[in-house]
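Engineer: So I've got this file, final20.tsv, and it contains TSV, C-alpha atoms:
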chain	number	residue	atom	x	y	z
P	1	MET	CA	61.82	158.96	91.33
P	2	SER	CA	65.45	160.12	91.14
P	3	GLU	CA	67.61	158.56	88.45
P	4	TYR	CA	70.22	157.92	91.14
P	5	PRO	CA	68.42	157.42	94.47
P	6	GLY	CA	70.38	158.17	97.60
P	7	LEU	CA	71.50	155.40	99.94
P	8	LYS	CA	69.30	156.51	102.84
P	9	ASN	CA	66.12	156.59	100.73
P	10	TYR	CA	66.98	153.29	99.08
P	11	LEU	CA	67.47	151.59	102.43
P	12	ALA	CA	64.26	153.09	103.84
P	13	ASP	CA	62.27	151.64	100.94
P	14	TRP	CA	63.97	148.27	101.36
P	15	ALA	CA	63.51	148.11	105.13
P	16	GLY	CA	59.80	148.94	105.31
P	17	ASP	CA	58.44	148.01	108.75
P	18	SER	CA	60.84	145.11	109.39
P	19	GLU	CA	62.75	145.59	112.65
P	20	THR	CA	65.70	143.53	111.40
P	21	ARG	CA	65.91	145.42	108.11
P	22	ILE	CA	65.65	148.77	109.88
P	23	ALA	CA	68.55	147.74	112.14
P	24	VAL	CA	70.63	146.65	109.13
P	25	SER	CA	69.81	149.92	107.33
P	26	ARG	CA	70.88	152.04	110.27
P	27	THR	CA	74.13	150.11	110.51
P	28	ILE	CA	74.92	150.50	106.81
P	29	GLU	CA	74.19	154.23	107.03
P	30	ALA	CA	76.59	154.54	109.98
P	31	ILE	CA	79.33	152.64	108.15
P	32	ALA	CA	78.79	154.75	105.03
P	33	ALA	CA	79.09	157.97	107.06
P	34	ALA	CA	82.42	156.82	108.48
P	35	CYS	CA	83.61	155.89	105.00
P	36	VAL	CA	82.81	159.39	103.71
P	37	ASP	CA	85.28	160.70	106.30
P	38	ILE	CA	87.86	158.05	105.39
P	39	SER	CA	87.43	158.93	101.71
P	40	ALA	CA	88.16	162.58	102.46
P	41	LEU	CA	91.38	161.63	104.26
P	42	VAL	CA	92.50	159.33	101.44
P	43	ALA	CA	91.79	162.06	98.86
P	44	ARG	CA	93.94	164.58	100.75
P	45	GLY	CA	96.90	162.20	100.75
P	46	PRO	CA	100.04	163.75	102.28
P	47	LEU	CA	98.09	166.94	102.97
P	48	ALA	CA	96.34	164.96	105.73
P	49	GLY	CA	99.64	163.89	107.29
P	50	GLU	CA	101.79	160.78	107.02
P	51	LEU	CA	98.91	158.36	106.50
P	52	GLY	CA	101.26	155.59	105.39
P	53	ALA	CA	103.55	155.86	108.42
P	54	GLU	CA	104.09	152.55	110.23
P	55	LYS	CA	102.56	152.44	113.71
P	56	GLY	CA	103.33	148.89	114.82
P	57	ASP	CA	101.79	145.48	114.12
P	58	ASN	CA	98.27	144.12	114.60
P	59	VAL	CA	97.42	140.88	116.37
P	60	ASP	CA	98.35	138.80	113.28
P	61	GLY	CA	101.69	140.51	112.82
P	62	ASP	CA	100.68	142.66	109.86
P	63	THR	CA	102.14	146.15	109.80
P	64	GLN	CA	99.65	148.82	110.84
P	65	LYS	CA	99.73	152.16	109.05
P	66	ALA	CA	98.52	155.43	110.51
P	67	LEU	CA	95.40	155.39	108.33
P	68	ASP	CA	94.60	151.83	109.47
P	69	LEU	CA	94.20	153.10	113.02
P	70	ILE	CA	92.36	156.28	112.03
P	71	ALA	CA	89.89	154.30	109.92
P	72	ASN	CA	89.38	151.81	112.75
P	73	ASP	CA	88.59	154.63	115.19
P	74	LEU	CA	86.13	156.20	112.74
P	75	ILE	CA	84.28	152.90	112.25
P	76	ILE	CA	84.07	152.28	116.00
P	77	GLU	CA	82.75	155.79	116.60
P	78	ALA	CA	80.13	155.31	113.88
P	79	MET	CA	78.93	152.04	115.42
P	80	HIS	CA	77.75	153.92	118.51
P	81	ASN	CA	75.06	155.38	116.24
P	82	ALA	CA	73.86	151.93	115.15
P	83	PRO	CA	72.14	148.93	116.80
P	84	VAL	CA	75.41	147.02	117.06
P	85	ALA	CA	76.41	144.88	120.04
P	86	CYS	CA	80.08	144.60	119.16
P	87	LEU	CA	82.63	145.11	116.43
P	88	VAL	CA	85.26	142.66	115.22
P	89	SER	CA	88.11	144.45	113.47
P	90	GLU	CA	91.40	143.45	111.88
P	91	GLU	CA	93.02	146.14	114.01
P	92	LEU	CA	91.69	144.85	117.36
P	93	GLU	CA	92.82	141.73	119.18
P	94	GLU	CA	89.44	141.29	120.86
P	95	PRO	CA	85.90	142.38	119.86
P	96	SER	CA	85.00	145.95	120.81
P	97	VAL	CA	81.79	146.02	122.85
P	98	ILE	CA	79.43	148.73	121.58
P	99	LYS	CA	75.90	148.19	122.95
P	100	LYS	CA	75.15	145.04	124.92
P	101	GLY	CA	71.93	143.41	123.83
P	102	ALA	CA	71.84	145.06	120.39
P	103	PRO	CA	70.65	142.75	117.58
P	104	LEU	CA	73.66	142.96	115.25
P	105	PHE	CA	77.41	142.69	115.19
P	106	VAL	CA	79.80	143.98	112.56
P	107	THR	CA	83.09	142.63	111.28
P	108	THR	CA	85.42	144.91	109.36
P	109	ASP	CA	88.76	145.46	107.76
P	110	PRO	CA	88.76	149.25	108.22
P	111	LEU	CA	91.42	149.86	105.58
P	112	ASP	CA	92.16	147.00	103.23
P	113	GLY	CA	95.29	147.39	101.08
P	114	SER	CA	96.99	149.85	103.41
P	115	SER	CA	100.41	148.86	102.05
P	116	ASN	CA	99.38	150.81	98.93
P	117	ILE	CA	98.54	154.08	100.69
P	118	ASP	CA	101.72	155.88	99.64
P	119	THR	CA	101.52	154.61	96.05
P	120	ASN	CA	98.07	156.14	95.32
P	121	VAL	CA	96.57	152.73	94.55
P	122	SER	CA	92.95	152.08	95.48
P	123	VAL	CA	92.32	150.97	99.06
P	124	GLY	CA	89.03	150.20	100.77
P	125	THR	CA	86.89	149.35	103.79
P	126	ILE	CA	85.27	145.89	104.02
P	127	PHE	CA	82.33	145.10	106.28
P	128	SER	CA	79.91	142.34	107.18
P	129	ILE	CA	76.72	142.57	109.24
P	130	MET	CA	75.49	139.51	111.15
P	131	PRO	CA	72.85	138.76	113.80
P	132	THR	CA	73.98	138.37	117.40
P	133	GLY	CA	71.51	135.55	118.01
P	134	GLN	CA	70.13	134.66	121.42
P	135	ASN	CA	73.42	135.07	123.28
P	136	GLY	CA	74.44	138.51	122.07
P	137	ASP	CA	76.82	139.09	124.99
P	138	ASP	CA	78.59	135.76	124.52
P	139	PRO	CA	81.76	136.06	122.37
P	140	CYS	CA	81.05	132.60	120.94
P	141	CYS	CA	77.96	133.98	119.21
P	142	LEU	CA	80.33	135.84	116.88
P	143	LEU	CA	81.73	132.62	115.45
P	144	GLN	CA	79.14	132.10	112.73
P	145	ALA	CA	79.47	130.82	109.19
P	146	GLY	CA	79.20	133.38	106.41
P	147	THR	CA	75.81	132.01	105.42
P	148	THR	CA	74.30	133.92	108.37
P	149	GLN	CA	75.34	137.31	106.97
P	150	LEU	CA	72.49	139.80	106.64
P	151	ALA	CA	74.46	142.29	104.54
P	152	ALA	CA	78.02	142.86	103.42
P	153	GLY	CA	80.02	145.19	101.25
P	154	TYR	CA	83.02	147.38	100.76
P	155	VAL	CA	83.80	150.98	100.02
P	156	ILE	CA	86.60	151.50	97.52
P	157	TYR	CA	88.58	154.75	97.56
P	158	GLY	CA	89.76	155.18	93.99
P	159	PRO	CA	89.14	157.60	91.10
P	160	GLN	CA	85.59	157.48	92.42
P	161	THR	CA	84.57	156.41	95.91
P	162	ALA	CA	82.04	153.61	95.55
P	163	LEU	CA	80.01	151.50	97.96
P	164	VAL	CA	79.36	147.98	96.67
P	165	MET	CA	76.99	145.96	98.83
P	166	THR	CA	74.52	143.13	99.04
P	167	LEU	CA	71.43	142.80	101.21
P	168	GLY	CA	71.06	139.15	100.25
P	169	ASP	CA	69.20	139.74	97.00
P	170	GLY	CA	71.80	140.67	94.41
P	171	THR	CA	74.79	143.01	94.43
P	172	MET	CA	74.54	146.74	93.75
P	173	ALA	CA	76.87	149.73	93.56
P	174	PHE	CA	76.55	153.28	94.88
P	175	THR	CA	78.85	156.15	93.95
P	176	LEU	CA	79.77	158.92	96.37
P	177	ASP	CA	78.71	162.35	95.11
P	178	PRO	CA	81.48	164.65	96.41
P	179	ARG	CA	79.20	167.67	96.09
P	180	THR	CA	76.71	166.32	98.62
P	181	SER	CA	78.74	163.63	100.46
P	182	GLU	CA	75.93	161.19	99.65
P	183	PHE	CA	76.16	157.74	98.12
P	184	ARG	CA	73.82	157.35	95.13
P	185	LEU	CA	72.74	154.14	93.45
P	186	THR	CA	74.48	153.91	90.08
P	187	THR	CA	74.34	150.17	89.30
P	188	ARG	CA	71.26	148.26	90.42
P	189	VAL	CA	72.45	144.83	89.34
P	190	VAL	CA	76.14	143.87	89.39
P	191	GLU	CA	76.82	140.60	87.56
P	192	ILE	CA	80.08	138.72	87.12
P	193	THR	CA	80.53	137.12	83.73
P	194	PRO	CA	80.83	133.33	84.28
P	195	ASN	CA	83.80	132.92	81.91
P	196	THR	CA	87.11	134.73	81.95
P	197	ASN	CA	90.68	134.68	80.68
P	198	GLU	CA	92.12	136.87	83.45
P	199	PHE	CA	93.60	135.67	86.73
P	200	ALA	CA	95.15	137.47	89.70
P	201	ILE	CA	97.80	135.87	91.90
P	202	ASN	CA	101.12	136.85	93.44
P	203	SER	CA	103.38	134.81	91.17
P	204	SER	CA	106.48	135.64	93.23
P	205	ASN	CA	105.31	132.89	95.61
P	206	SER	CA	105.02	130.24	92.89
P	207	ARG	CA	107.90	128.15	94.27
P	208	LYS	CA	105.92	127.80	97.51
P	209	TRP	CA	102.56	126.76	96.01
P	210	ASP	CA	101.23	123.24	96.14
P	211	GLY	CA	100.67	121.24	92.96
P	212	HIS	CA	97.02	122.21	92.57
P	213	ILE	CA	97.67	125.92	92.13
P	214	ARG	CA	100.96	125.45	90.29
P	215	ALA	CA	99.32	123.21	87.71
P	216	TYR	CA	96.41	125.60	87.18
P	217	VAL	CA	98.66	128.64	86.72
P	218	ASP	CA	101.08	126.72	84.48
P	219	ASP	CA	98.18	125.74	82.25
P	220	CYS	CA	96.94	129.35	82.14
P	221	ILE	CA	100.40	130.57	81.16
P	222	ALA	CA	100.52	127.96	78.38
P	223	GLY	CA	97.82	130.04	76.71
P	224	GLU	CA	96.08	128.88	73.57
P	225	ASP	CA	98.57	126.03	73.25
P	226	GLY	CA	97.68	124.73	76.70
P	227	PRO	CA	94.71	122.72	77.96
P	228	HIS	CA	92.52	125.78	78.48
P	229	GLY	CA	92.88	126.74	74.82
P	230	THR	CA	92.94	130.49	75.49
P	231	ASN	CA	95.44	133.21	76.25
P	232	TYR	CA	95.22	134.61	79.78
P	233	ASN	CA	96.13	137.97	81.25
P	234	MET	CA	97.56	138.13	84.78
P	235	ARG	CA	96.83	140.89	87.31
P	236	TRP	CA	97.98	141.58	90.86
P	237	ILE	CA	97.21	144.76	92.84
P	238	ALA	CA	97.73	143.48	96.42
P	239	SER	CA	94.51	145.17	97.51
P	240	LEU	CA	91.60	142.77	98.02
P	241	VAL	CA	88.99	145.47	97.48
P	242	ALA	CA	90.61	146.63	94.25
P	243	GLU	CA	90.92	143.04	93.01
P	244	CYS	CA	87.26	142.34	93.79
P	245	HIS	CA	86.10	145.58	92.19
P	246	ARG	CA	87.87	144.68	88.95
P	247	ILE	CA	86.31	141.21	88.93
P	248	LEU	CA	82.84	142.59	89.63
P	249	SER	CA	83.36	145.03	86.75
P	250	ARG	CA	84.69	142.69	84.05
P	251	GLY	CA	85.11	139.17	85.40
P	252	GLY	CA	88.23	137.29	86.38
P	253	ILE	CA	89.51	135.08	89.17
P	254	PHE	CA	91.52	135.93	92.29
P	255	LEU	CA	93.66	133.35	94.07
P	256	TYR	CA	95.31	133.60	97.49
P	257	PRO	CA	96.02	129.97	98.35
P	258	GLY	CA	97.85	128.55	101.30
P	259	ASP	CA	101.51	127.71	100.71
P	260	ILE	CA	104.51	126.25	102.51
P	261	ARG	CA	105.89	129.53	103.88
P	262	GLN	CA	105.83	129.80	107.66
P	263	GLY	CA	102.47	131.25	108.71
P	264	TYR	CA	100.93	130.88	105.24
P	265	ALA	CA	99.54	127.35	105.41
P	266	MET	CA	96.00	128.78	105.41
P	267	GLY	CA	96.76	131.81	103.24
P	268	ARG	CA	96.74	135.31	104.70
P	269	LEU	CA	93.15	136.50	104.30
P	270	ARG	CA	90.88	136.52	107.35
P	271	LEU	CA	87.62	134.62	107.12
P	272	MET	CA	85.25	136.80	109.12
P	273	TYR	CA	86.05	140.29	107.88
P	274	GLU	CA	87.68	139.72	104.49
P	275	CYS	CA	86.69	136.41	102.92
P	276	ASN	CA	83.07	136.11	104.07
P	277	PRO	CA	81.89	139.57	102.98
P	278	ILE	CA	83.72	139.31	99.65
P	279	ALA	CA	82.30	135.81	99.11
P	280	PHE	CA	78.77	137.07	99.85
P	281	LEU	CA	79.13	139.92	97.36
P	282	VAL	CA	80.62	137.66	94.69
P	283	GLU	CA	78.00	134.92	95.04
P	284	GLN	CA	75.18	137.44	94.94
P	285	ALA	CA	76.67	138.74	91.68
P	286	GLY	CA	76.65	135.25	90.14
P	287	GLY	CA	80.24	134.31	90.94
P	288	ALA	CA	81.72	131.77	93.33
P	289	ALA	CA	84.13	131.73	96.28
P	290	THR	CA	85.99	128.65	97.53
P	291	THR	CA	89.08	127.50	99.39
P	292	GLY	CA	89.61	125.05	96.53
P	293	ILE	CA	87.81	122.28	98.38
P	294	GLN	CA	85.05	124.06	100.31
P	295	ARG	CA	82.63	126.93	99.81
P	296	VAL	CA	84.00	129.86	101.82
P	297	MET	CA	80.67	130.84	103.39
P	298	ASP	CA	80.11	127.31	104.74
P	299	ILE	CA	83.19	127.43	106.97
P	300	GLU	CA	82.50	127.48	110.71
P	301	PRO	CA	85.13	129.83	112.19
P	302	GLY	CA	87.05	128.72	115.27
P	303	LYS	CA	88.39	132.18	116.13
P	304	ILE	CA	87.71	135.74	115.05
P	305	HIS	CA	91.02	136.21	113.22
P	306	GLU	CA	91.00	132.83	111.46
P	307	ARG	CA	92.65	132.68	108.06
P	308	VAL	CA	91.53	130.61	105.08
P	309	PRO	CA	92.67	130.14	101.47
P	310	MET	CA	90.55	132.27	99.15
P	311	ILE	CA	89.71	131.78	95.47
P	312	PHE	CA	86.84	133.79	93.99
P	313	GLY	CA	85.49	135.25	90.80
P	314	SER	CA	83.89	134.08	87.57
P	315	LYS	CA	81.90	130.94	88.37
P	316	HIS	CA	83.16	128.65	85.62
P	317	GLU	CA	86.80	129.54	86.30
P	318	VAL	CA	86.41	128.91	90.03
P	319	GLU	CA	84.84	125.54	89.23
P	320	LEU	CA	87.81	124.80	86.98
P	321	VAL	CA	90.25	125.45	89.85
P	322	GLU	CA	88.21	123.12	92.05
P	323	LYS	CA	88.74	120.42	89.42
P	324	TYR	CA	92.49	120.92	89.79
P	325	TYR	CA	92.15	120.38	93.53
P	326	ALA	CA	90.10	117.22	92.96
P	327	GLY	CA	92.23	115.83	90.13
P	328	LEU	CA	95.82	116.52	91.20
P	329	ASN	CA	97.76	115.64	94.32
P	330	PRO	CA	99.68	118.37	96.18
P	331	SER	CA	103.08	117.38	94.74
P	332	HIS	CA	101.93	118.39	91.22
P	333	GLU	CA	101.85	114.84	89.87
P	334	ARG	CA	99.01	114.41	87.40
P	335	PRO	CA	97.07	111.17	87.94
P	336	GLN	CA	97.07	108.69	85.04
P	337	LEU	CA	93.67	109.97	83.93
P	338	PHE	CA	95.23	113.33	83.07
P	339	ARG	CA	98.78	112.34	82.07
P	340	ASN	CA	98.29	112.89	78.37
P	341	ARG	CA	95.19	115.00	78.07
P	342	THR	CA	95.29	117.17	81.26
P	343	LEU	CA	92.05	118.23	82.88
P	344	LEU	CA	90.35	119.62	79.80
P	345	ARG	CA	91.87	118.12	76.70
P	346	LYS	CA	90.27	114.99	75.29
What do you get writing this file as structure tokens?
Structural biologist:
Amino acid sequence: MSEYPGLKNYLADWAGDSETRIAVSRTIEAIAAACVDISALVARGPLAGELGAEKGDNVDGDTQKALDLIANDLIIEAMHNAPVACLVSEELEEPSVIKKGAPLFVTTDPLDGSSNIDTNVSVGTIFSIMPTGQNGDDPCCLLQAGTTQLAAGYVIYGPQTALVMTLGDGTMAFTLDPRTSEFRLTTRVVEITPNTNEFAINSSNSRKWDGHIRAYVDDCIAGEDGPHGTNYNMRWIASLVAECHRILSRGGIFLYPGDIRQGYAMGRLRLMYECNPIAFLVEQAGGAATTGIQRVMDIEPGKIHERVPMIFGSKHEVELVEKYYAGLNPSHERPQLFRNRTLLRK
């Protein structure tokens, strides 16, 4: 047995004779093949053209870069080699029909973090694989909670190109071998440490946060003199894949809450192709993902581009943030129970 088994062989062993697993395996292989091509483009940078050039806005008003559209086209093309009924993409207003009657559908952010393309910061591709159910040609069948996911993952294009995925039984990582263009299993079990002293949030929006998040961050910043009794580090990359990869590697918590800015009441991350797959990966690695008041994967989507607040990472830290949501009102007034001792201090 190879020390680093290839993705195709690993999936073949996992799938066995199961029709559903074989379909999932074929779909992951197709996505991985497209991501090898995307990785090559990212690695070439300006030699591949103006990949960071603005090409308009997507359905949610986010700026589309040239590489966003190229990556989207590559993923769609790859899906024609998989048992996929349709594809939901950040870059498409409506689902793209692939093969009517196929057993699966895929949701994807073809190029997460595209605002960082020209700065040589890690970007990635996020995907989720779900069953079409009995009404595979009905668009409503796409609106499923994240708990129905069969597999999910991302490919991160950084110093190494890595595929991190879950098949519903733990989280694992594959590294792309540039000599063979094959993903090889390099970490069989990815685990998130339950405790952390590192948080990631865009603090420039602090004046727009509600009291729950403001109180939590204030108490983190207070360090060892504050209620948490420890000094925190703060991180912010503005690339969901890069943020998740760091947390999977060494723990931490990521927060993208809703705030009072116009259009940000429910945050900016999309449930079906950003939050659900990341939540699945994180939970399978021993972490947690919440909106602050609800488990992300329990949310029943009302539309394919629905946004939700997203907080994920080390389990105990996520649970701590949930206590802030339960114990503080939105105006940042601490209830009498916590006036003198805060949430943690006796």
Engineer: Taking all atoms listed in the file into account, name the residue in P:Asp73, P:Asp225, P:Glu274, P:Glu306 that is nearest to Thr107 in chain P.
Structural biologist: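 Closest residue, counting all atoms listed in the file: P:Glu274.
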Engineer: Using only C-alpha atoms, which residue out of P:Gln284, P:Thr180, P:Thr161, P:Thr27 lies closest to Pro83 in chain P?
Structural biologist: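 That would be P:Thr27, the residue with the smallest distance to Pro83 in chain P.
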Engineer: With distances taken over only C-alpha atoms, which of P:Ala12, P:Ile156, P:Ile31, P:Thr20 is nearest to Asn81 in chain P?
Structural biologist: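 Answer, going by the shortest atom-to-atom distance: P:Ile31.
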Engineer: Given all atoms listed in the file as the basis, pick out the residue of P:Asp118, P:Glu91, P:Asp169, P:Asp219 nearest to Arg44 in chain P.
Structural biologist: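 So, comparing all the options, the nearest one is P:Asp118.
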Engineer: Taking 4 positions as the minimum chain separation for residues in the same chain, which residues sit within 10 Å of Gly158 in chain P when counting all atoms listed in the file? Answer as a PyMOL selection string.
Structural biologist: chain P and resi 39+42-43+120-124+162+242
Engineer: Output range 28-53 of chain P as an mmCIF file, in the frame of the given file, making sure N, CA and C atoms are there.
Structural biologist:
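The result, written out as part37.cif:
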data_model
loop_
_atom_site.group_PDB
_atom_site.id
_atom_site.type_symbol
_atom_site.label_atom_id
_atom_site.label_comp_id
_atom_site.auth_asym_id
_atom_site.auth_seq_id
_atom_site.Cartn_x
_atom_site.Cartn_y
_atom_site.Cartn_z
ATOM 1 N N ILE P 28 74.279 150.164 108.087
ATOM 2 C CA ILE P 28 74.920 150.500 106.810
ATOM 3 C C ILE P 28 75.098 152.015 106.691
ATOM 4 N N GLU P 29 74.088 152.769 107.083
ATOM 5 C CA GLU P 29 74.190 154.230 107.030
ATOM 6 C C GLU P 29 75.335 154.724 107.909
ATOM 7 N N ALA P 30 75.508 154.126 109.086
ATOM 8 C CA ALA P 30 76.590 154.540 109.980
ATOM 9 C C ALA P 30 77.948 154.215 109.379
ATOM 10 N N ILE P 31 78.074 153.013 108.799
ATOM 11 C CA ILE P 31 79.330 152.640 108.150
ATOM 12 C C ILE P 31 79.624 153.580 106.988
ATOM 13 N N ALA P 32 78.609 153.859 106.188
ATOM 14 C CA ALA P 32 78.790 154.750 105.030
ATOM 15 C C ALA P 32 79.250 156.133 105.473
ATOM 16 N N ALA P 33 78.690 156.644 106.573
ATOM 17 C CA ALA P 33 79.090 157.970 107.060
ATOM 18 C C ALA P 33 80.567 157.980 107.458
ATOM 19 N N ALA P 34 81.009 156.903 108.124
ATOM 20 C CA ALA P 34 82.420 156.820 108.480
ATOM 21 C C ALA P 34 83.300 156.752 107.236
ATOM 22 N N CYS P 35 82.825 156.042 106.231
ATOM 23 C CA CYS P 35 83.610 155.890 105.000
ATOM 24 C C CYS P 35 83.705 157.192 104.214
ATOM 25 N N VAL P 36 82.715 158.059 104.335
ATOM 26 C CA VAL P 36 82.810 159.390 103.710
ATOM 27 C C VAL P 36 83.992 160.140 104.324
ATOM 28 N N ASP P 37 84.148 160.037 105.639
ATOM 29 C CA ASP P 37 85.280 160.700 106.300
ATOM 30 C C ASP P 37 86.604 160.062 105.903
ATOM 31 N N ILE P 38 86.628 158.726 105.809
ATOM 32 C CA ILE P 38 87.860 158.050 105.390
ATOM 33 C C ILE P 38 88.221 158.452 103.963
ATOM 34 N N SER P 39 87.198 158.528 103.099
ATOM 35 C CA SER P 39 87.430 158.930 101.710
ATOM 36 C C SER P 39 88.074 160.304 101.628
ATOM 37 N N ALA P 40 87.612 161.225 102.462
ATOM 38 C CA ALA P 40 88.160 162.580 102.460
ATOM 39 C C ALA P 40 89.635 162.567 102.862
ATOM 40 N N LEU P 41 89.982 161.725 103.836
ATOM 41 C CA LEU P 41 91.380 161.630 104.260
ATOM 42 C C LEU P 41 92.244 161.036 103.144
ATOM 43 N N VAL P 42 91.751 159.958 102.526
ATOM 44 C CA VAL P 42 92.500 159.330 101.440
ATOM 45 C C VAL P 42 92.723 160.319 100.300
ATOM 46 N N ALA P 43 91.695 161.102 99.970
ATOM 47 C CA ALA P 43 91.790 162.060 98.860
ATOM 48 C C ALA P 43 92.806 163.160 99.139
ATOM 49 N N ARG P 44 92.983 163.525 100.409
ATOM 50 C CA ARG P 44 93.940 164.580 100.750
ATOM 51 C C ARG P 44 95.377 164.080 100.696
ATOM 52 N N GLY P 45 95.555 162.770 100.829
ATOM 53 C CA GLY P 45 96.900 162.200 100.750
ATOM 54 C C GLY P 45 97.841 162.821 101.764
ATOM 55 N N PRO P 46 99.057 163.206 101.343
ATOM 56 C CA PRO P 46 100.040 163.750 102.280
ATOM 57 C C PRO P 46 99.591 165.061 102.939
ATOM 58 N N LEU P 47 98.595 165.716 102.352
ATOM 59 C CA LEU P 47 98.090 166.940 102.970
ATOM 60 C C LEU P 47 97.395 166.635 104.305
ATOM 61 N N ALA P 48 96.988 165.374 104.481
ATOM 62 C CA ALA P 48 96.340 164.960 105.730
ATOM 63 C C ALA P 48 97.325 164.387 106.732
ATOM 64 N N GLY P 49 98.613 164.430 106.406
ATOM 65 C CA GLY P 49 99.640 163.890 107.290
ATOM 66 C C GLY P 49 100.263 162.635 106.702
ATOM 67 N N GLU P 50 101.101 161.982 107.481
ATOM 68 C CA GLU P 50 101.790 160.780 107.020
ATOM 69 C C GLU P 50 100.897 159.562 107.232
ATOM 70 N N LEU P 51 99.905 159.424 106.346
ATOM 71 C CA LEU P 51 98.910 158.360 106.500
ATOM 72 C C LEU P 51 99.513 156.972 106.334
ATOM 73 N N GLY P 52 100.622 156.882 105.612
ATOM 74 C CA GLY P 52 101.260 155.590 105.390
ATOM 75 C C GLY P 52 102.353 155.270 106.393
ATOM 76 N N ALA P 53 102.512 156.097 107.415
ATOM 77 C CA ALA P 53 103.550 155.860 108.420
ATOM 78 C C ALA P 53 103.251 154.589 109.211
#
